[in-house]
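Below: structure_15.cif (mmCIF, C-alpha atoms, pLDDT in the B column; chains and numbers go by the auth columns)
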```
data_run
loop_
_atom_site.group_PDB
_atom_site.id
_atom_site.type_symbol
_atom_site.label_atom_id
_atom_site.label_comp_id
_atom_site.label_asym_id
_atom_site.label_seq_id
_atom_site.Cartn_x
_atom_site.Cartn_y
_atom_site.Cartn_z
_atom_site.B_iso_or_equiv
_atom_site.auth_seq_id
_atom_site.auth_asym_id
ATOM 1 C CA MET A 1 24.844 -0.426 -2.373 92.00 230 A
ATOM 2 C CA LYS A 2 21.358 0.180 -1.042 97.00 231 A
ATOM 3 C CA TYR A 3 20.591 2.124 2.123 98.00 232 A
ATOM 4 C CA ALA A 4 17.590 2.191 4.458 98.00 233 A
ATOM 5 C CA ARG A 5 16.338 4.866 6.804 98.00 234 A
ATOM 6 C CA VAL A 6 14.960 2.974 9.795 97.00 235 A
ATOM 7 C CA LEU A 7 12.704 4.473 12.470 97.00 236 A
ATOM 8 C CA ASP A 8 11.368 2.368 15.348 96.00 237 A
ATOM 9 C CA SER A 9 12.622 -0.791 13.596 96.00 238 A
ATOM 10 C CA VAL A 10 10.595 -0.066 10.434 97.00 239 A
ATOM 11 C CA VAL A 11 12.171 0.934 7.117 98.00 240 A
ATOM 12 C CA GLN A 12 10.777 4.351 6.268 98.00 241 A
ATOM 13 C CA GLU A 13 12.549 4.707 2.920 97.00 242 A
ATOM 14 C CA VAL A 14 15.311 3.162 0.867 98.00 243 A
ATOM 15 C CA PHE A 15 17.901 4.815 -1.346 98.00 244 A
ATOM 16 C CA THR A 16 20.345 3.552 -3.941 97.00 245 A
ATOM 17 C CA PRO A 17 22.936 6.103 -5.062 97.00 246 A
ATOM 18 C CA PRO A 18 23.324 6.573 -8.813 97.00 247 A
ATOM 19 C CA THR A 19 26.079 4.520 -10.460 96.00 248 A
ATOM 20 C CA GLY A 20 29.520 5.858 -9.613 97.00 249 A
ATOM 21 C CA MET A 21 28.309 7.827 -6.587 97.00 250 A
ATOM 22 C CA THR A 22 28.190 7.154 -2.862 96.00 251 A
ATOM 23 C CA ILE A 23 25.498 8.156 -0.410 97.00 252 A
ATOM 24 C CA GLU A 24 27.924 10.806 0.855 97.00 253 A
ATOM 25 C CA ASP A 25 27.966 12.315 -2.658 97.00 254 A
ATOM 26 C CA CYS A 26 24.172 12.579 -2.607 97.00 255 A
ATOM 27 C CA PHE A 27 23.367 13.960 0.845 97.00 256 A
ATOM 28 C CA THR A 28 24.739 16.183 3.556 97.00 257 A
ATOM 29 C CA PRO A 29 26.375 14.468 6.550 97.00 258 A
ATOM 30 C CA GLN A 30 23.265 15.213 8.625 98.00 259 A
ATOM 31 C CA VAL A 31 21.170 13.106 6.249 97.00 260 A
ATOM 32 C CA VAL A 32 23.764 10.386 5.644 97.00 261 A
ATOM 33 C CA VAL A 33 23.761 9.438 9.341 97.00 262 A
ATOM 34 C CA LEU A 34 20.034 8.648 9.096 97.00 263 A
ATOM 35 C CA PHE A 35 20.696 5.788 6.631 98.00 264 A
ATOM 36 C CA GLU A 36 22.341 2.405 7.046 97.00 265 A
ATOM 37 C CA PRO A 37 23.441 -0.186 4.494 97.00 266 A
ATOM 38 C CA CYS A 38 20.876 -2.880 3.733 97.00 267 A
ATOM 39 C CA PRO A 39 20.432 -5.818 1.358 97.00 268 A
ATOM 40 C CA ASP A 40 19.122 -5.037 -2.119 97.00 269 A
ATOM 41 C CA GLU A 41 15.791 -6.784 -1.520 97.00 270 A
ATOM 42 C CA VAL A 42 14.814 -4.495 1.400 98.00 271 A
ATOM 43 C CA GLU A 43 11.860 -2.207 0.683 97.00 272 A
ATOM 44 C CA GLN A 44 9.823 0.368 2.549 97.00 273 A
ATOM 45 C CA ASN A 45 7.908 -1.062 5.568 96.00 274 A
ATOM 46 C CA TRP A 46 10.312 -3.968 6.074 97.00 275 A
ATOM 47 C CA VAL A 47 11.224 -4.599 9.709 97.00 276 A
ATOM 48 C CA LYS A 48 14.745 -4.524 11.126 97.00 277 A
ATOM 49 C CA GLU A 49 15.112 -7.332 13.649 97.00 278 A
ATOM 50 C CA SER A 50 17.165 -7.055 16.851 96.00 279 A
ATOM 51 C CA ASP A 51 19.899 -9.194 15.246 97.00 280 A
ATOM 52 C CA GLY A 52 20.278 -6.595 12.448 96.00 281 A
ATOM 53 C CA SER A 53 18.522 -8.615 9.745 97.00 282 A
ATOM 54 C CA PHE A 54 15.655 -7.244 7.703 97.00 283 A
ATOM 55 C CA VAL A 55 12.379 -9.102 7.141 97.00 284 A
ATOM 56 C CA ALA A 56 9.422 -8.353 4.911 96.00 285 A
ATOM 57 C CA PRO A 57 6.265 -7.278 6.704 92.00 286 A
ATOM 58 C CA PRO A 58 3.514 -9.880 7.037 87.00 287 A
ATOM 59 C CA LEU A 59 0.934 -9.912 4.279 87.00 288 A
ATOM 60 C CA PRO A 60 -2.286 -8.115 5.154 86.00 289 A
ATOM 61 C CA PRO A 61 -5.269 -10.357 5.823 89.00 290 A
ATOM 62 C CA ALA A 62 -7.448 -11.203 2.864 89.00 291 A
ATOM 63 C CA PRO A 63 -10.463 -8.918 2.524 89.00 292 A
ATOM 64 C CA PRO A 64 -13.771 -10.409 3.609 89.00 293 A
ATOM 65 C CA GLU A 65 -16.008 -11.921 0.974 88.00 294 A
ATOM 66 C CA PRO A 66 -18.500 -9.375 -0.300 88.00 295 A
ATOM 67 C CA ILE A 67 -22.031 -9.783 0.969 86.00 296 A
ATOM 68 C CA ALA A 68 -24.525 -10.294 -1.819 83.00 297 A
ATOM 69 C CA PRO A 69 -27.367 -7.804 -1.735 84.00 298 A
ATOM 70 C CA PRO A 70 -30.713 -9.319 -0.805 82.00 299 A
ATOM 71 C CA GLU A 71 -33.014 -10.158 -3.660 82.00 300 A
ATOM 72 C CA ILE A 72 -35.868 -7.718 -3.766 80.00 301 A
ATOM 73 C CA GLU A 73 -39.138 -8.370 -5.506 78.00 302 A
ATOM 74 C CA VAL A 74 -40.473 -5.192 -7.023 75.00 303 A
ATOM 75 C CA LYS A 75 -44.224 -4.887 -7.314 73.00 304 A
ATOM 76 C CA SER A 76 -45.946 -2.100 -9.089 69.00 305 A
ATOM 77 C CA ASP A 77 -49.455 -0.756 -8.660 67.00 306 A
ATOM 78 C CA ILE A 78 -49.199 0.971 -12.005 66.00 307 A
ATOM 79 C CA ASP A 79 -51.383 -0.451 -14.729 61.00 308 A
ATOM 80 C CA SER A 80 -49.162 -1.405 -17.634 61.00 309 A
ATOM 81 C CA SER A 81 -51.936 -1.143 -20.235 61.00 310 A
ATOM 82 C CA PRO A 82 -51.665 1.775 -22.629 62.00 311 A
ATOM 83 C CA SER A 83 -53.755 4.730 -21.711 59.00 312 A
ATOM 84 C CA THR A 84 -55.075 7.522 -23.817 59.00 313 A
ATOM 85 C CA VAL A 85 -56.792 10.721 -23.010 60.00 314 A
ATOM 86 C CA GLU A 86 -60.095 9.095 -23.961 61.00 315 A
ATOM 87 C CA ASN A 87 -59.604 6.358 -21.369 54.00 316 A
ATOM 88 C CA LEU A 88 -59.125 8.814 -18.547 56.00 317 A
#
```
Representation of the structure as structure tokens:
Amino acid sequence: MKYARVLDSVVQEVFTPPTGMTIEDCFTPQVVVLFEPCPDEVEQNWVKESDGSFVAPPLPPAPPEPIAPPEIEVKSDIDSSPSTVENL
């Protein structure tokens, strides 16, 4: 059985006891009371509804399309012809 620790209607963490153990075998009574049974599909950040059901959080919005950098024309005042000491 899987357990969820819920705070302000949001699942903060989930725990599944190792095979053959109960949650009471794994934690002190002070910690056990913080958890409640939940369906196996529940994960962190799911929301517990007022009717006791759990729902997945909404998907985050898609990131905005990246903005292409402006095209820049590079001009150079440097003469590209070979120079030698004699030419200077």
(request) Go ahead and find all residues with at least one atom no further than 12 Å from (21.6, 7.3, 13.8) in the file's coordinates, using only C-alpha atoms; report them as an MDAnalysis selection string. (result) chainID A and resid 233:237 258:265
(message) Could you list, as a PyMOL selection string, every residue within 10 Å of A:Val284, counting only C-alpha atoms and ignoring same-chain residues fewer than 4 positions away?
(response) chain A and resi 239+270-272+274-278
(message) Let me make sure I understand: among A:Pro298, A:Gln273, A:Met250, A:Glu242, which one has the smallest atom-to-atom distance to A:Pro286 if we use all atoms listed in the file?
(response) A:Gln273
(message) Considering all atoms listed in the file, can you say which of A:Leu288, A:Val303, A:Phe283, A:Pro295 comes closest to A:Ser238?
(response)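 When distances to A:Ser238 are compared using all atoms listed in the file, the smallest one comes from A:Phe283.
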(request) Measure the distance from atom CA of A:Pro246 to atom CA of A:Ser282 in Å and round it to one decimal. (result)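 If I compute the distance from atom CA of A:Pro246 to atom CA of A:Ser282, I get 21.3 Å.
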(message) Using only C-alpha atoms for the distances, tell me which of A:Asp254, A:Pro268, A:Pro247, A:Asp280 is nearest to A:Tyr232.
(response)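 Once distances to A:Tyr232 are computed over only C-alpha atoms, the minimum belongs to A:Pro268.
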(message) When you look at A:Met230 with a cut-off of 9 Å (counting only C-alpha atoms), what residues show up, excluding the ones that are within fewer than 4 positions of it in the same chain? I need them as a ChimeraX atom specification.
(response) /A:244-246,251-252,266-269
